[in-house]
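So this one's model32.cif, mmCIF, C-alpha atoms:
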```cif
data_structure
#
loop_
_atom_site.label_atom_id
_atom_site.label_comp_id
_atom_site.auth_asym_id
_atom_site.auth_seq_id
_atom_site.Cartn_x
_atom_site.Cartn_y
_atom_site.Cartn_z
CA MET A 270 118.05 74.30 99.78
CA GLY A 271 114.94 72.83 101.27
CA LYS A 272 111.79 70.91 100.51
CA LYS A 273 108.29 70.55 101.89
CA TYR A 274 105.84 67.70 101.31
CA GLY A 275 102.83 66.01 102.87
CA ILE A 276 102.57 62.70 104.72
CA LYS A 277 99.32 60.96 105.60
CA CYS A 278 98.11 57.87 107.38
CA GLY A 279 97.13 55.01 105.05
CA LYS A 280 94.14 54.17 107.25
CA CYS A 281 92.60 57.34 108.77
CA ASP A 282 92.42 61.02 107.78
CA PHE A 283 95.53 62.15 109.76
CA SER A 284 98.05 64.16 107.69
CA PHE A 285 100.81 66.70 108.20
CA LEU A 286 103.50 68.65 106.35
CA VAL A 287 107.22 67.97 106.55
CA ASN A 288 109.77 70.74 106.13
CA ILE A 289 113.42 69.79 105.52
CA GLY A 290 116.49 72.01 105.13
CA HIS A 291 116.73 75.77 105.26
CA GLY A 292 116.05 77.36 101.87
CA MET A 293 117.11 80.99 101.56
CA ARG A 294 118.24 81.08 105.19
CA ASP A 295 121.56 79.57 104.12
CA SER A 296 123.71 82.00 106.08
CA SER A 297 126.41 81.02 108.49
CA PHE A 298 125.00 80.18 111.91
CA PHE A 299 126.93 83.01 113.60
CA GLU A 300 126.89 85.52 110.71
CA ILE A 301 125.60 88.91 111.85
CA ASP A 302 122.28 89.84 110.23
CA GLU A 303 122.64 93.40 108.92
CA ASN A 304 118.94 94.15 109.54
CA THR A 305 118.81 93.07 113.19
CA GLY A 306 122.47 93.25 114.25
CA LYS A 307 122.10 89.80 115.85
CA PRO A 308 123.68 86.47 114.85
CA ALA A 309 121.75 84.62 112.11
CA PHE A 310 120.58 81.89 114.49
CA HIS A 311 118.11 84.41 115.98
CA ASN A 312 116.25 84.25 112.64
CA TYR A 313 115.91 80.46 112.81
CA ILE A 314 115.07 79.70 116.43
CA ARG A 315 111.78 80.67 118.06
CA SER A 316 112.34 78.98 121.44
CA LYS A 317 113.46 81.48 124.08
CA LYS A 318 114.91 78.59 126.10
CA THR A 319 117.08 77.42 123.17
CA LEU A 320 118.20 81.00 122.39
CA SER A 321 119.16 81.47 126.04
CA GLU A 322 121.14 78.20 126.02
CA ILE A 323 123.05 79.23 122.87
CA GLU A 324 123.83 82.68 124.30
CA HIS A 325 125.06 81.02 127.51
CA VAL A 326 127.30 78.59 125.59
CA CYS A 327 128.66 81.44 123.44
CA GLY A 328 129.44 83.40 126.61
CA ILE A 329 131.53 80.71 128.30
CA TRP A 330 133.10 78.66 125.48
CA THR A 331 135.99 79.84 123.38
CA ASP A 332 136.48 78.83 119.73
CA ILE A 333 132.79 77.87 119.33
CA GLN A 334 131.70 76.76 115.85
CA GLU A 335 129.14 74.57 114.11
CA ASP A 336 129.89 70.85 114.44
CA TYR A 337 129.92 69.72 110.82
CA SER A 338 130.86 66.14 111.79
CA VAL A 339 127.30 65.72 113.16
CA TYR A 340 125.82 67.10 109.95
CA GLU A 341 127.72 64.61 107.81
CA LYS A 342 125.64 61.79 109.32
CA ARG A 343 122.49 63.29 107.77
CA THR A 344 121.54 62.18 104.25
CA GLU A 345 118.89 64.83 103.50
CA TRP A 346 121.23 67.84 103.73
CA HIS A 347 124.46 68.91 105.45
CA GLY A 348 124.17 71.79 107.88
CA HIS A 349 121.68 73.48 110.15
CA GLY A 350 118.02 73.61 109.17
CA SER A 351 114.54 72.28 109.72
CA ALA A 352 114.57 68.59 110.65
CA GLN A 353 112.13 66.00 111.93
CA TYR A 354 111.84 64.89 115.52
CA ILE A 355 109.47 62.17 116.76
CA CYS A 356 108.00 62.11 120.23
CA LYS A 357 109.06 58.92 122.00
CA LYS A 358 105.87 59.02 124.07
CA CYS A 359 102.98 59.82 121.69
CA GLY A 360 104.61 59.35 118.26
CA ARG A 361 103.88 62.83 116.88
CA LEU A 362 106.25 64.20 114.26
CA HIS A 363 107.64 67.70 114.77
CA ASN A 364 109.56 70.05 112.45
CA LYS A 365 112.27 71.63 114.64
CA PHE A 366 115.48 73.51 113.95
CA PHE A 367 118.50 71.16 113.99
CA PHE A 368 122.04 72.38 114.65
CA ALA A 369 125.16 71.28 116.50
CA LEU A 370 127.91 73.34 118.10
CA THR A 371 131.37 72.43 119.35
CA GLY A 372 134.06 74.33 121.19
CA SER A 373 136.36 74.34 124.18
CA GLY A 374 133.45 73.40 126.46
CA GLY A 375 132.41 70.32 124.49
CA LYS A 376 129.40 69.79 122.22
CA TYR A 377 125.92 71.27 122.27
CA GLN A 378 122.74 70.24 120.46
CA PRO A 379 119.31 71.49 121.42
CA THR A 380 116.83 69.22 123.16
CA TYR A 381 113.15 69.57 122.40
CA ASN A 382 109.90 68.37 123.93
CA CYS A 383 106.67 67.40 122.21
CA SER A 384 104.20 70.27 121.99
CA SER A 385 101.31 67.82 122.55
CA CYS A 386 102.36 65.62 125.49
CA LYS A 387 105.65 67.30 126.60
CA GLY A 388 107.55 64.01 126.12
CA LYS A 389 111.13 63.93 124.84
CA VAL A 390 111.58 63.95 121.06
CA ALA A 391 114.29 62.18 119.06
CA LEU A 392 115.94 63.37 115.86
CA VAL A 393 115.03 61.19 112.85
CA GLU A 394 115.28 61.18 109.08
CA LEU A 395 112.33 60.28 106.90
CA ILE A 396 112.91 57.78 104.11
CA VAL A 397 110.34 57.79 101.29
CA SER A 398 110.35 54.67 99.10
CA LYS A 399 109.50 54.74 95.39
CA SER A 400 106.06 53.41 96.29
CA GLY A 401 105.53 56.37 98.67
CA VAL A 402 105.81 54.48 101.98
CA VAL A 403 107.53 56.60 104.62
CA THR A 404 109.81 55.04 107.25
CA ILE A 405 112.22 56.59 109.73
CA LYS A 406 115.95 56.30 110.27
CA SER A 407 117.18 57.03 113.79
CA GLU A 408 120.08 56.34 116.11
CA GLN A 409 117.48 55.22 118.66
CA GLN A 410 114.97 52.38 118.34
CA ILE A 411 111.64 54.12 117.70
CA LYS A 412 108.40 52.64 116.44
CA TRP A 413 106.62 55.21 114.28
CA VAL A 414 102.85 54.94 113.96
CA CYS A 415 99.98 57.29 113.23
CA PRO A 416 99.37 59.26 116.44
CA LYS A 417 95.61 59.18 115.79
CA CYS A 418 94.87 55.52 114.96
CA LYS A 419 98.24 53.75 115.63
CA ASN A 420 98.46 52.45 112.05
CA ASP A 421 102.06 51.85 110.94
CA LYS A 422 101.46 52.60 107.23
CA LEU A 423 102.38 56.24 106.67
CA VAL A 424 102.73 57.38 103.07
CA ARG A 425 103.60 60.46 101.05
CA ASP A 426 100.45 62.49 100.43
CA ASN A 427 100.32 62.94 96.65
CA ASN A 428 97.43 65.40 97.04
CA ALA A 429 99.56 67.72 99.16
CA SER A 430 101.90 70.12 97.43
CA TYR A 431 105.56 69.21 97.01
CA ILE A 432 107.86 72.23 97.09
CA MET A 433 111.60 72.53 96.62
CA TYR A 434 112.80 75.94 97.69
CA ASP A 435 116.01 77.90 97.85
#
```

Would you mind giving the structure from this file in structure tokens?
Amino acid sequence: MGKKYGIKCGKCDFSFLVNIGHGMRDSSFFEIDENTGKPAFHNYIRSKKTLSEIEHVCGIWTDIQEDYSVYEKRTEWHGHGSAQYICKKCGRLHNKFFFALTGSGGKYQPTYNCSSCKGKVALVELIVSKSGVVTIKSEQQIKWVCPKCKNDKLVRDNNASYIMYD
């Protein structure tokens, strides 16, 4: 299950799409894809660095599995899928693939950098009020503003399409 919707700045013309969840890609993280012969996570992840890190972890840890305790903290959905990350440096929002693994070697979650300024990004959840105002929920203290004009009033874009997919 997933959804996609637009967010825009309440002051300038900046807007972007948000993608949450995973839709039809609801296979087990390690399930072998019959078309490619590779684990399902190869279908989700485009970063060669992240794929290499997962392969490395799978090669040295025993009893590796998805860490569902991390997913339970999320309110939008429970499991791996597209999630929002905010750059701590420039404030840009990014849709990245979220997952967590655990095993004999500990825990692993991917780290991502901003595609604009290369700063570190933090995992967040977007909260949309009934009036359409969008705020963030995060384990870290992050001030979210429009990356173009620094306005702190970001709202759901009612002119952008809203899609729920599965």

List the residues selected by the PyMOL selection byres ((chain A and resi 408) around 9) in the file shown, writing them as number ranges by chain. A: 391-393, 406-407, 409-411

Residue nearest Ile289 in chain A among A:Gly328, A:Gly275, A:Pro308, A:Gly350 (counting only C-alpha atoms): A:Gly350

Quick one: distance from CA of Ile355 in chain A to CA of Phe298 in chain A in Å, one decimal? 24.3 Å

For the atom pair CA of Asn312 in chain A and CA of Ser351 in chain A, what is the interatomic distance in Å to one decimal place?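 Computed distance, CA of Asn312 in chain A to CA of Ser351 in chain A, equals 12.4 Å.
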
Near-Ala352 in chain A list (8 Å; only C-alpha atoms; drop same-chain fewer than 6 positions) as a ChimeraX atom specification: /A:288-290,364-367,392-394

Just how far from CA of Glu341 in chain A is CA of Ser400 in chain A, in Å to one decimal? 27.0 Å

Once the PyMOL selection byres ((chain A and resi 299-302) around 12) has been applied to the shown file, what residues remain in the selection, as an MDAnalysis selection string? chainID A and resid 294:298 303:313 323:324 327 333:335 349 368 370

Closest of A:Leu286, A:Cys356, A:Val424, A:Ile276 to Lys399 in chain A, counting all atoms listed in the file, is A:Val424

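Within 10 Å of the point (97.5, 58.8, 108.3), and counting all atoms listed in the file, the protein, DNA and RNA residues are A:Ile276, A:Lys277, A:Cys278, A:Gly279, A:Lys280, A:Cys281, A:Asp282, A:Phe283, A:Ser284, A:Phe285, A:Val414, A:Cys415, A:Pro416, A:Lys417, A:Cys418, A:Lys419, A:Asn420, A:Asp421, A:Lys422, A:Leu423, A:Val424, A:Arg425, A:Asp426.
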
Write out the residues from the selection above, keeping C-alpha atoms, as a CSV table (one decimal), in the frame of the given file.
```csv
chain,number,residue,atom,x,y,z
A,276,ILE,CA,102.6,62.7,104.7
A,277,LYS,CA,99.3,61.0,105.6
A,278,CYS,CA,98.1,57.9,107.4
A,279,GLY,CA,97.1,55.0,105.0
A,280,LYS,CA,94.1,54.2,107.2
A,281,CYS,CA,92.6,57.3,108.8
A,282,ASP,CA,92.4,61.0,107.8
A,283,PHE,CA,95.5,62.2,109.8
A,284,SER,CA,98.0,64.2,107.7
A,285,PHE,CA,100.8,66.7,108.2
A,414,VAL,CA,102.8,54.9,114.0
A,415,CYS,CA,100.0,57.3,113.2
A,416,PRO,CA,99.4,59.3,116.4
A,417,LYS,CA,95.6,59.2,115.8
A,418,CYS,CA,94.9,55.5,115.0
A,419,LYS,CA,98.2,53.8,115.6
A,420,ASN,CA,98.5,52.4,112.0
A,421,ASP,CA,102.1,51.8,110.9
A,422,LYS,CA,101.5,52.6,107.2
A,423,LEU,CA,102.4,56.2,106.7
A,424,VAL,CA,102.7,57.4,103.1
A,425,ARG,CA,103.6,60.5,101.0
A,426,ASP,CA,100.4,62.5,100.4
```

Counting all atoms listed in the file, figure out which residue out of A:Ala369, A:Ile329, A:Leu362, A:Cys383 gets nearest to Ile405 in chain A.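 So, comparing all the options, the nearest one is A:Leu362.
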
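Distances here use only C-alpha atoms; by that measure, the residue among A:Ser385, A:Ser321, A:Ser373, A:Thr380 closest to Gly360 in chain A is A:Ser385.
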
Out of A:Val390, A:Val397, A:Ile314, A:Val326, which residue has the shortest atom-to-atom distance to Tyr274 in chain A when counting all atoms listed in the file? A:Val397

Proximity to Ile396 in chain A - best of A:Gly348, A:Val287, A:Cys359, A:Thr331, only C-alpha atoms: A:Val287

Report the centre and edge lengths, in Å to one decimal, of an axis-aligned box enclosing every atom of range 278-283 of chain A listed in the file, padded by 6 Å on each side, as lines of an AutoDock Vina configuration file.
```
center_x = 95.3
center_y = 58.2
center_z = 107.4
size_x = 17.7
size_y = 20.0
size_z = 16.7
```
